[in-house]
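Structure below is entry-v6.cif: mmCIF, C-alpha atoms and all ligand atoms.
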data_final
#
loop_
_atom_site.label_atom_id
_atom_site.label_comp_id
_atom_site.auth_asym_id
_atom_site.auth_seq_id
_atom_site.Cartn_x
_atom_site.Cartn_y
_atom_site.Cartn_z
CA MET A 266 -6.85 -1.64 -13.23
CA GLN A 267 -6.94 -4.25 -10.48
CA LEU A 268 -10.10 -3.17 -8.66
CA ASN A 269 -12.85 -1.42 -10.53
CA VAL A 270 -15.96 -0.16 -8.72
CA LYS A 271 -18.80 1.42 -10.68
CA ASN A 272 -22.14 2.81 -9.57
CA LEU A 273 -21.86 1.10 -6.17
CA LYS A 274 -25.12 1.42 -4.26
CA VAL A 275 -25.84 0.00 -0.82
CA SER A 276 -28.80 0.49 1.50
CA TYR A 277 -29.54 -0.67 5.02
CA GLY A 278 -33.32 -0.97 4.93
CA ASN A 279 -34.52 2.56 4.17
CA ILE A 280 -31.13 4.14 4.83
CA LYS A 281 -29.23 4.76 1.61
CA ALA A 282 -25.58 4.46 2.59
CA LEU A 283 -23.90 4.60 -0.85
CA HIS A 284 -25.34 6.49 -3.81
CA GLY A 285 -23.35 5.16 -6.75
CA LEU A 286 -19.60 5.26 -6.10
CA ASP A 287 -17.07 5.03 -8.92
CA PHE A 288 -13.42 4.40 -8.19
CA SER A 289 -10.60 2.17 -9.26
CA ILE A 290 -7.26 1.01 -7.96
CA ASP A 291 -4.20 -0.23 -9.82
CA ALA A 292 -2.19 -3.21 -8.63
CA GLY A 293 0.46 -2.10 -6.14
CA GLU A 294 -1.18 1.18 -5.15
CA ILE A 295 -1.89 2.49 -1.66
CA VAL A 296 -5.23 4.29 -1.81
CA THR A 297 -7.30 5.80 0.97
CA ILE A 298 -10.94 6.76 1.25
CA ILE A 299 -11.42 9.48 3.81
CA GLY A 300 -14.52 11.17 5.16
CA ALA A 301 -16.54 11.99 8.25
CA ASN A 302 -18.19 9.46 10.50
CA GLY A 303 -21.24 7.99 8.75
CA ALA A 304 -20.10 9.00 5.23
CA GLY A 305 -20.07 5.40 4.01
CA LYS A 306 -16.42 4.35 4.32
CA SER A 307 -16.98 1.08 6.18
CA THR A 308 -19.92 0.25 3.96
CA THR A 309 -17.73 0.59 0.87
CA LEU A 310 -15.30 -1.98 2.28
CA ARG A 311 -18.14 -4.28 3.37
CA ALA A 312 -19.56 -4.19 -0.15
CA ILE A 313 -16.19 -5.17 -1.67
CA SER A 314 -15.79 -8.09 0.75
CA ARG A 315 -19.47 -9.03 0.24
CA MET A 316 -20.39 -8.54 3.88
CA VAL A 317 -23.29 -6.37 2.75
CA PRO A 318 -25.25 -6.82 -0.50
CA SER A 319 -24.94 -4.23 -3.26
CA GLU A 320 -27.99 -3.04 -5.18
CA SER A 321 -28.57 -4.03 -8.78
CA GLY A 322 -26.58 -1.97 -11.24
CA SER A 323 -23.55 -1.96 -8.94
CA VAL A 324 -20.30 -3.23 -10.47
CA ILE A 325 -17.28 -4.53 -8.55
CA GLU A 326 -14.56 -6.16 -10.63
CA PHE A 327 -11.28 -7.53 -9.33
CA GLU A 328 -8.67 -8.62 -11.86
CA GLY A 329 -11.48 -8.76 -14.38
CA LYS A 330 -13.65 -11.06 -12.26
CA ASP A 331 -17.14 -10.18 -11.09
CA VAL A 332 -16.74 -9.91 -7.31
CA LEU A 333 -20.51 -9.78 -6.86
CA SER A 334 -20.80 -13.38 -8.04
CA TYR A 335 -18.56 -14.59 -5.16
CA THR A 336 -19.60 -15.36 -1.59
CA THR A 337 -17.90 -13.68 1.38
CA ASP A 338 -15.59 -16.67 1.94
CA LYS A 339 -14.61 -17.03 -1.70
CA VAL A 340 -13.77 -13.34 -2.00
CA VAL A 341 -10.91 -14.09 0.36
CA THR A 342 -9.87 -17.58 -0.68
CA ARG A 343 -10.36 -17.36 -4.47
CA LEU A 344 -9.82 -13.69 -5.21
CA GLY A 345 -7.24 -12.87 -2.52
CA ILE A 346 -9.11 -9.89 -1.11
CA SER A 347 -8.74 -9.62 2.66
CA HIS A 348 -10.83 -7.30 4.78
CA VAL A 349 -9.59 -6.20 8.18
CA PRO A 350 -12.69 -4.66 9.73
CA GLU A 351 -12.70 -2.28 12.62
CA GLY A 352 -12.61 -3.98 15.98
CA ARG A 353 -9.75 -6.50 15.86
CA ARG A 354 -11.39 -9.71 14.75
CA ILE A 355 -9.20 -12.30 16.39
CA PHE A 356 -9.80 -15.41 18.47
CA GLY A 357 -9.18 -13.98 21.92
CA ASN A 358 -8.89 -17.35 23.66
CA LEU A 359 -6.26 -18.73 21.25
CA THR A 360 -2.55 -17.93 21.13
CA VAL A 361 -0.97 -15.57 18.63
CA THR A 362 0.48 -18.46 16.62
CA GLU A 363 -2.84 -20.31 16.60
CA ASN A 364 -4.57 -17.19 15.31
CA LEU A 365 -2.09 -16.93 12.44
CA THR A 366 -2.35 -20.63 11.65
CA LEU A 367 -6.14 -20.47 11.52
CA ALA A 368 -5.99 -17.56 9.08
CA CYS A 369 -4.39 -19.97 6.60
CA PHE A 370 -7.03 -22.67 6.93
CA ALA A 371 -8.13 -22.49 3.30
CA ARG A 372 -4.61 -22.51 1.88
CA LYS A 373 -2.85 -25.60 0.58
CA ASP A 374 0.61 -24.14 -0.11
CA THR A 375 2.06 -25.54 3.11
CA GLU A 376 5.65 -24.39 2.60
CA GLN A 377 4.65 -20.93 1.55
CA ILE A 378 2.43 -20.67 4.64
CA GLU A 379 5.44 -21.24 6.89
CA THR A 380 7.47 -18.62 4.99
CA ASP A 381 4.59 -16.16 5.21
CA LYS A 382 4.06 -16.73 8.93
CA LYS A 383 7.75 -16.07 9.57
CA TRP A 384 7.49 -12.95 7.49
CA VAL A 385 4.52 -11.71 9.55
CA PHE A 386 6.62 -12.20 12.68
CA ASP A 387 9.43 -10.19 11.03
CA LEU A 388 6.95 -7.43 10.31
CA PHE A 389 5.57 -7.39 13.83
CA PRO A 390 8.37 -8.30 16.27
CA ARG A 391 5.92 -7.61 19.11
CA LEU A 392 3.84 -10.54 17.92
CA GLU A 393 6.83 -12.84 17.68
CA GLU A 394 7.83 -11.99 21.25
CA ARG A 395 4.33 -12.97 22.32
CA LYS A 396 3.68 -15.86 19.97
CA ASN A 397 2.55 -18.26 22.69
CA GLN A 398 0.51 -15.70 24.57
CA ILE A 399 -3.29 -15.87 24.65
CA SER A 400 -4.37 -13.20 22.17
CA GLY A 401 -7.06 -11.71 24.38
CA THR A 402 -4.35 -10.64 26.82
CA LEU A 403 -2.44 -8.57 24.21
CA SER A 404 -2.76 -4.80 24.23
CA GLY A 405 -5.29 -3.28 21.87
CA GLY A 406 -2.55 -2.24 19.46
CA GLU A 407 -0.99 -5.69 19.43
CA GLN A 408 -4.41 -7.23 18.77
CA GLN A 409 -4.79 -4.85 15.84
CA MET A 410 -1.40 -5.99 14.50
CA LEU A 411 -2.52 -9.59 14.85
CA ALA A 412 -5.70 -8.81 12.93
CA VAL A 413 -3.60 -7.29 10.12
CA GLY A 414 -1.25 -10.29 10.15
CA ARG A 415 -4.23 -12.62 9.88
CA GLY A 416 -5.61 -10.57 7.01
CA TYR A 417 -2.31 -10.77 5.14
CA LEU A 418 -2.10 -14.54 5.55
CA SER A 419 -5.65 -15.11 4.34
CA GLY A 420 -5.68 -12.92 1.22
CA ARG A 421 -2.63 -11.18 -0.16
CA LYS A 422 -3.58 -9.58 -3.45
CA ILE A 423 -5.31 -6.62 -1.87
CA MET A 424 -5.92 -5.74 1.76
CA ILE A 425 -8.81 -3.49 2.63
CA LEU A 426 -8.43 -2.02 6.08
CA ASP A 427 -10.95 -0.21 8.24
CA GLU A 428 -9.26 2.39 10.45
CA PRO A 429 -6.12 0.41 11.23
CA SER A 430 -4.91 3.34 13.35
CA MET A 431 -7.97 3.32 15.59
CA GLY A 432 -7.06 3.50 19.25
CA LEU A 433 -3.34 2.92 18.69
CA ALA A 434 -0.75 4.75 20.78
CA PRO A 435 1.49 6.98 18.59
CA LEU A 436 4.43 4.58 18.63
CA LEU A 437 2.29 1.58 17.71
CA MET A 438 0.65 3.65 15.00
CA LEU A 439 4.05 4.26 13.40
CA GLU A 440 4.86 0.56 13.61
CA MET A 441 1.52 -0.29 12.06
CA PHE A 442 1.96 2.04 9.10
CA ASP A 443 5.57 0.94 8.58
CA ALA A 444 4.36 -2.65 8.46
CA LEU A 445 1.61 -1.79 5.99
CA LYS A 446 4.17 -0.04 3.76
CA GLU A 447 6.32 -3.16 3.89
CA ILE A 448 3.34 -5.36 3.03
CA ASN A 449 2.70 -3.08 0.06
CA ARG A 450 6.36 -3.25 -1.07
CA HIS A 451 6.04 -7.00 -0.94
CA GLY A 452 3.32 -6.81 -3.61
CA THR A 453 -0.02 -6.33 -1.86
CA THR A 454 -2.34 -3.51 -2.95
CA ILE A 455 -3.74 -1.52 -0.03
CA LEU A 456 -7.06 0.28 0.31
CA LEU A 457 -7.68 1.85 3.66
CA VAL A 458 -10.41 4.01 5.09
CA GLU A 459 -9.67 6.51 7.80
CA GLN A 460 -11.39 9.26 9.71
CA ASN A 461 -7.94 10.69 10.41
CA ALA A 462 -7.48 12.20 6.95
CA ARG A 463 -4.08 13.76 7.58
CA LEU A 464 -2.61 10.46 8.73
CA ALA A 465 -4.15 8.53 5.84
CA LEU A 466 -2.96 11.02 3.22
CA LYS A 467 0.58 10.93 4.55
CA PHE A 468 0.57 7.19 4.08
CA ALA A 469 -1.33 6.77 0.82
CA GLN A 470 -0.36 7.76 -2.72
CA ARG A 471 -3.89 8.64 -3.77
CA GLY A 472 -7.11 9.48 -2.02
CA TYR A 473 -10.87 9.77 -2.44
CA VAL A 474 -13.08 11.90 -0.24
CA ILE A 475 -16.54 10.55 0.54
CA GLU A 476 -19.47 12.60 1.84
CA HIS A 477 -22.94 11.24 2.51
CA GLY A 478 -22.40 8.16 0.38
CA LYS A 479 -20.93 10.04 -2.60
CA LEU A 480 -17.34 10.57 -3.68
CA VAL A 481 -16.74 14.31 -3.92
CA LEU A 482 -13.02 14.61 -4.56
CA GLU A 483 -10.18 12.50 -5.88
CA GLY A 484 -6.50 13.12 -6.31
CA PRO A 485 -2.88 12.47 -5.37
CA ALA A 486 -2.51 12.37 -1.60
CA ASP A 487 -0.16 15.37 -1.43
CA LYS A 488 -2.66 17.53 -3.38
CA LEU A 489 -5.50 16.53 -1.07
CA LEU A 490 -3.31 17.28 1.94
CA ASP A 491 -2.79 20.84 0.66
CA ASP A 492 -6.51 21.31 0.07
CA PRO A 493 -7.86 23.36 2.97
P1 LIG A 501 -18.39 5.39 7.95
O1 LIG A 501 -17.64 4.13 7.85
O2 LIG A 501 -17.94 6.42 6.94
O3 LIG A 501 -18.47 5.94 9.32
P2 LIG A 501 -20.68 3.71 7.47
O4 LIG A 501 -20.39 3.02 6.19
O5 LIG A 501 -20.46 2.97 8.73
O6 LIG A 501 -19.90 5.09 7.49
O7 LIG A 501 -22.18 4.20 7.48
C1 LIG A 501 -22.82 4.82 6.36
C2 LIG A 501 -24.28 5.02 6.72
O8 LIG A 501 -24.91 3.75 6.86
C3 LIG A 501 -24.51 5.74 8.04
O9 LIG A 501 -25.68 6.51 7.90
C4 LIG A 501 -24.71 4.60 9.03
O10 LIG A 501 -25.49 4.99 10.14
C5 LIG A 501 -25.44 3.58 8.18
N1 LIG A 501 -25.14 2.20 8.63
C6 LIG A 501 -23.93 1.61 8.69
N2 LIG A 501 -24.04 0.34 9.12
C7 LIG A 501 -25.35 0.14 9.32
C8 LIG A 501 -26.11 -0.98 9.73
N3 LIG A 501 -25.53 -2.15 10.05
N4 LIG A 501 -27.45 -0.84 9.82
C9 LIG A 501 -28.04 0.31 9.48
N5 LIG A 501 -27.39 1.40 9.07
C10 LIG A 501 -26.06 1.32 8.98
P1 LIG A 502 -18.34 2.48 11.40
O1 LIG A 502 -18.48 3.97 11.38
O2 LIG A 502 -16.95 2.05 11.13
O3 LIG A 502 -19.33 1.75 10.57
P2 LIG A 502 -19.82 2.38 13.82
O4 LIG A 502 -19.24 2.52 15.15
O5 LIG A 502 -20.61 3.47 13.19
O6 LIG A 502 -18.60 2.01 12.88
O7 LIG A 502 -20.70 1.07 13.73
C1 LIG A 502 -20.45 -0.05 14.52
C2 LIG A 502 -21.43 -1.13 14.16
O8 LIG A 502 -22.78 -0.63 14.22
C3 LIG A 502 -21.24 -1.64 12.76
O9 LIG A 502 -21.41 -3.03 12.74
C4 LIG A 502 -22.33 -0.98 11.95
O10 LIG A 502 -22.78 -1.80 10.89
C5 LIG A 502 -23.42 -0.79 12.97
N1 LIG A 502 -24.19 0.43 12.67
C6 LIG A 502 -23.70 1.65 12.34
N2 LIG A 502 -24.67 2.53 12.13
C7 LIG A 502 -25.83 1.86 12.35
C8 LIG A 502 -27.20 2.21 12.30
N3 LIG A 502 -27.61 3.43 11.96
N4 LIG A 502 -28.10 1.25 12.60
C9 LIG A 502 -27.69 0.03 12.93
N5 LIG A 502 -26.43 -0.38 12.99
C10 LIG A 502 -25.51 0.53 12.71
#
Take the structure in this file and express it as structure tokens.
Amino acid sequence: MQLNVKNLKVSYGNIKALHGLDFSIDAGEIVTIIGANGAGKSTTLRAISRMVPSESGSVIEFEGKDVLSYTTDKVVTRLGISHVPEGRRIFGNLTVTENLTLACFARKDTEQIETDKKWVFDLFPRLEERKNQISGTLSGGEQQMLAVGRGYLSGRKIMILDEPSMGLAPLLMLEMFDALKEINRHGTTILLVEQNARLALKFAQRGYVIEHGKLVLEGPADKLLDDP
């Protein structure tokens, strides 16, 4: 078990967003959490990356380490957990290459960084073609690819992705999911949340369904796809 989440509870003021989630992910898996808008998908990812605090009694372990004792920055740099939130967090006034370079700021493995950057360009040829372009002038889909590339370079043990398909044209969506599959084959565990359940279940091996802050169903993706 690489990631182990037990009794995860999160509130925003008086709003209880998560009511005690239990789930776990093995190294190398592709897992999705699906559910309606407002069910608690984004909050689950924010809790793992420590962008929101979890209530006492919550347990999040990654490779046996207590994630809740790490700060947001250290979750990425020490544990290798990268969070690609919704909304393409990139530096819009910097070039594509500069964005990728900055994502490596905490790393010291200089040679490996160069190899990894080249690999990201192999994954996303669109980014390589535009490597000196100011990122804010890329299309929405290309910005999303850049955000994923940045995530990969910053933390490569597990990537947690919030609606990576959001707003992508069908062709770009295929490219995005192909790239994520390739990232996974290269050794990175993937957890993604999606409102588009059908799409997510075609991509993932296993899925959880969340409703009103509670997990209500779990199973192999093909079984969940068959479930009416
Ligand atoms: P999902 O990602 O499944 O759409 P969220 O995790 O965003 O769901 O939201 C779960 C619940 O928490 C919803 O009721 C939502 O309105 C609430 N919520 C999310 N973010 C905030 C926030 N920053 N402040 C207050 N309430 C929030
Ligand atoms: P998601 O469903 O992925 O959380 P939303 O579009 O619902 O995305 O939320 C966008 C932003 O608004 C997020 O930063 C979220 O934290 C915040 N937000 C969501 N619901 C609420 C809420 N009820 N009150 C305050 N902020 C919220």
Shell around region 282-294 of chain A at 7 Å using all atoms listed in the file, local window under 3 positions removed, as a compact mmCIF listing (two decimals) with C-alpha atoms, keeping the file's coordinate frame:
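Result written to selection.txt:
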# COMPACT_ATOMS: atom_id res chain seq x y z
CA MET A 266 -6.85 -1.64 -13.23
CA GLN A 267 -6.94 -4.25 -10.48
CA LEU A 268 -10.10 -3.17 -8.66
CA ASN A 269 -12.85 -1.42 -10.53
CA VAL A 270 -15.96 -0.16 -8.72
CA LYS A 271 -18.80 1.42 -10.68
CA ASN A 272 -22.14 2.81 -9.57
CA LEU A 273 -21.86 1.10 -6.17
CA LYS A 274 -25.12 1.42 -4.26
CA VAL A 275 -25.84 0.00 -0.82
CA SER A 276 -28.80 0.49 1.50
CA TYR A 277 -29.54 -0.67 5.02
CA GLY A 305 -20.07 5.40 4.01
CA ASN A 449 2.70 -3.08 0.06
CA GLY A 452 3.32 -6.81 -3.61
CA THR A 453 -0.02 -6.33 -1.86
CA THR A 454 -2.34 -3.51 -2.95
CA ILE A 455 -3.74 -1.52 -0.03
CA GLY A 478 -22.40 8.16 0.38
CA LYS A 479 -20.93 10.04 -2.60
CA LEU A 480 -17.34 10.57 -3.68
Counting only C-alpha atoms and all ligand atoms, which residues in chain A sit no more than 6 Å from ligand LIG 502 (chain A)? For each one, give the nearest pair of atoms and the distance in Å, sorted by chain then residue number, as a tab-separated table.
residue	atom	partner	partner_atom	distance
A:Asn302	CA	A:LIG502	O1	5.6
A:Gly303	CA	A:LIG502	O1	5.5
A:Ser307	CA	A:LIG502	O3	5.0
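From atom O10 of ligand LIG 501 (chain A) back to CA of Pro318 (chain A), the distance works out to 15.9 Å.
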### Message
Under the rule that only C-alpha atoms are counted, which of A:Gly484, A:Gly432, A:Gly472, A:Pro390 is the nearest residue to Ala444 (chain A)?
### Response
A:Pro390
### Message
Can you tell me which residues surround Pro350 (chain A) at a distance of at most 12 Å, considering only C-alpha atoms, apart from same-chain residues fewer than 4 positions away, and format the answer as a list of chain:residue names?
### Response
A:Lys306, A:Ser307, A:Thr308, A:Thr309, A:Leu310, A:Arg311, A:Ile313, A:Ser314, A:Met316, A:Arg354, A:Ile355, A:Gln409, A:Ala412, A:Val413, A:Arg415, A:Gly416, A:Met424, A:Ile425, A:Leu426, A:Asp427, A:Glu428, A:Pro429, A:Ser430, A:Met431, A:Leu457, A:Val458, A:Glu459
Next, the residues of the selection above should be written as a short mmCIF file (atom, residue, chain, number, x, y, z; two decimals), keeping the file's coordinate frame with C-alpha atoms.
data_model
loop_
_atom_site.label_atom_id
_atom_site.label_comp_id
_atom_site.auth_asym_id
_atom_site.auth_seq_id
_atom_site.Cartn_x
_atom_site.Cartn_y
_atom_site.Cartn_z
CA LYS A 306 -16.42 4.35 4.32
CA SER A 307 -16.98 1.08 6.18
CA THR A 308 -19.92 0.25 3.96
CA THR A 309 -17.73 0.59 0.87
CA LEU A 310 -15.30 -1.98 2.28
CA ARG A 311 -18.14 -4.28 3.37
CA ILE A 313 -16.19 -5.17 -1.67
CA SER A 314 -15.79 -8.09 0.75
CA MET A 316 -20.39 -8.54 3.88
CA ARG A 354 -11.39 -9.71 14.75
CA ILE A 355 -9.20 -12.30 16.39
CA GLN A 409 -4.79 -4.85 15.84
CA ALA A 412 -5.70 -8.81 12.93
CA VAL A 413 -3.60 -7.29 10.12
CA ARG A 415 -4.23 -12.62 9.88
CA GLY A 416 -5.61 -10.57 7.01
CA MET A 424 -5.92 -5.74 1.76
CA ILE A 425 -8.81 -3.49 2.63
CA LEU A 426 -8.43 -2.02 6.08
CA ASP A 427 -10.95 -0.21 8.24
CA GLU A 428 -9.26 2.39 10.45
CA PRO A 429 -6.12 0.41 11.23
CA SER A 430 -4.91 3.34 13.35
CA MET A 431 -7.97 3.32 15.59
CA LEU A 457 -7.68 1.85 3.66
CA VAL A 458 -10.41 4.01 5.09
CA GLU A 459 -9.67 6.51 7.80
#
### Summary
Using all atoms listed in the file, the shortest atom-to-atom distance to ligand LIG 501 (chain A) among A:Glu476, A:Glu447, A:Glu407, A:Glu440 belongs to A:Glu476
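Of the residues under consideration (A:Lys281, A:Arg450, A:Arg471, A:His348), A:His348 shows the shortest atom-to-atom contact distance to Tyr417 (chain A) when counting all atoms listed in the file.
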### Task
Find the residues near region 368-380 of chain A: any atom within 7 Å, counting all atoms listed in the file, skip ones fewer than 5 places away on the same chain, and give them as a PyMOL selection string.
chain A and resi 342+415+418-419
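Reported to one decimal place, the separation of CA of Lys446 (chain A) from CA of Gly414 (chain A) is 13.2 Å.
Across the model, the gap from CA of Lys339 (chain A) to CA of Gly405 (chain A) is 28.8 Å.
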What would region 285-306 of chain A look like with N, CA and C atoms in place, written as a PDB file, in the frame of the given file?
ATOM      1  N   GLY A 285     -23.913   5.324  -5.410  1.00  0.00           N
ATOM      2  CA  GLY A 285     -23.350   5.160  -6.750  1.00  0.00           C
ATOM      3  C   GLY A 285     -21.899   5.619  -6.813  1.00  0.00           C
ATOM      4  N   LEU A 286     -21.029   4.885  -6.127  1.00  0.00           N
ATOM      5  CA  LEU A 286     -19.600   5.260  -6.100  1.00  0.00           C
ATOM      6  C   LEU A 286     -18.889   4.703  -7.333  1.00  0.00           C
ATOM      7  N   ASP A 287     -17.962   5.477  -7.849  1.00  0.00           N
ATOM      8  CA  ASP A 287     -17.070   5.030  -8.920  1.00  0.00           C
ATOM      9  C   ASP A 287     -15.647   5.252  -8.460  1.00  0.00           C
ATOM     10  N   PHE A 288     -14.850   4.198  -8.424  1.00  0.00           N
ATOM     11  CA  PHE A 288     -13.420   4.400  -8.190  1.00  0.00           C
ATOM     12  C   PHE A 288     -12.666   3.156  -8.646  1.00  0.00           C
ATOM     13  N   SER A 289     -11.370   3.324  -8.837  1.00  0.00           N
ATOM     14  CA  SER A 289     -10.600   2.170  -9.260  1.00  0.00           C
ATOM     15  C   SER A 289      -9.189   2.271  -8.687  1.00  0.00           C
ATOM     16  N   ILE A 290      -8.574   1.100  -8.576  1.00  0.00           N
ATOM     17  CA  ILE A 290      -7.260   1.010  -7.960  1.00  0.00           C
ATOM     18  C   ILE A 290      -6.377   0.118  -8.828  1.00  0.00           C
ATOM     19  N   ASP A 291      -5.161   0.570  -9.068  1.00  0.00           N
ATOM     20  CA  ASP A 291      -4.200  -0.230  -9.820  1.00  0.00           C
ATOM     21  C   ASP A 291      -3.459  -1.165  -8.881  1.00  0.00           C
ATOM     22  N   ALA A 292      -2.985  -2.269  -9.420  1.00  0.00           N
ATOM     23  CA  ALA A 292      -2.190  -3.210  -8.630  1.00  0.00           C
ATOM     24  C   ALA A 292      -0.987  -2.468  -8.050  1.00  0.00           C
ATOM     25  N   GLY A 293      -0.714  -2.678  -6.766  1.00  0.00           N
ATOM     26  CA  GLY A 293       0.460  -2.100  -6.140  1.00  0.00           C
ATOM     27  C   GLY A 293       0.250  -0.727  -5.513  1.00  0.00           C
ATOM     28  N   GLU A 294      -0.931  -0.152  -5.714  1.00  0.00           N
ATOM     29  CA  GLU A 294      -1.180   1.180  -5.150  1.00  0.00           C
ATOM     30  C   GLU A 294      -1.508   1.119  -3.655  1.00  0.00           C
ATOM     31  N   ILE A 295      -1.330   2.281  -2.996  1.00  0.00           N
ATOM     32  CA  ILE A 295      -1.890   2.490  -1.660  1.00  0.00           C
ATOM     33  C   ILE A 295      -2.889   3.630  -1.808  1.00  0.00           C
ATOM     34  N   VAL A 296      -4.164   3.315  -1.602  1.00  0.00           N
ATOM     35  CA  VAL A 296      -5.230   4.290  -1.810  1.00  0.00           C
ATOM     36  C   VAL A 296      -6.026   4.408  -0.519  1.00  0.00           C
ATOM     37  N   THR A 297      -6.473   5.633  -0.219  1.00  0.00           N
ATOM     38  CA  THR A 297      -7.300   5.800   0.970  1.00  0.00           C
ATOM     39  C   THR A 297      -8.631   6.450   0.603  1.00  0.00           C
ATOM     40  N   ILE A 298      -9.651   6.070   1.331  1.00  0.00           N
ATOM     41  CA  ILE A 298     -10.940   6.760   1.250  1.00  0.00           C
ATOM     42  C   ILE A 298     -11.146   7.427   2.603  1.00  0.00           C
ATOM     43  N   ILE A 299     -11.270   8.754   2.561  1.00  0.00           N
ATOM     44  CA  ILE A 299     -11.420   9.480   3.810  1.00  0.00           C
ATOM     45  C   ILE A 299     -12.780  10.176   3.843  1.00  0.00           C
ATOM     46  N   GLY A 300     -13.231  10.504   5.031  1.00  0.00           N
ATOM     47  CA  GLY A 300     -14.520  11.170   5.160  1.00  0.00           C
ATOM     48  C   GLY A 300     -15.009  11.099   6.585  1.00  0.00           C
ATOM     49  N   ALA A 301     -16.020  11.889   6.880  1.00  0.00           N
ATOM     50  CA  ALA A 301     -16.540  11.990   8.250  1.00  0.00           C
ATOM     51  C   ALA A 301     -17.210  10.686   8.675  1.00  0.00           C
ATOM     52  N   ASN A 302     -17.458  10.585   9.942  1.00  0.00           N
ATOM     53  CA  ASN A 302     -18.190   9.460  10.500  1.00  0.00           C
ATOM     54  C   ASN A 302     -19.567   9.373   9.823  1.00  0.00           C
ATOM     55  N   GLY A 303     -19.936   8.185   9.366  1.00  0.00           N
ATOM     56  CA  GLY A 303     -21.240   7.990   8.750  1.00  0.00           C
ATOM     57  C   GLY A 303     -21.271   8.275   7.247  1.00  0.00           C
ATOM     58  N   ALA A 304     -20.140   8.651   6.660  1.00  0.00           N
ATOM     59  CA  ALA A 304     -20.100   9.000   5.230  1.00  0.00           C
ATOM     60  C   ALA A 304     -20.278   7.788   4.321  1.00  0.00           C
ATOM     61  N   GLY A 305     -19.913   6.610   4.829  1.00  0.00           N
ATOM     62  CA  GLY A 305     -20.070   5.400   4.010  1.00  0.00           C
ATOM     63  C   GLY A 305     -18.766   4.647   3.769  1.00  0.00           C
ATOM     64  N   LYS A 306     -17.730   4.970   4.526  1.00  0.00           N
ATOM     65  CA  LYS A 306     -16.420   4.350   4.320  1.00  0.00           C
ATOM     66  C   LYS A 306     -16.469   2.842   4.612  1.00  0.00           C
TER      67      LYS A 306
END
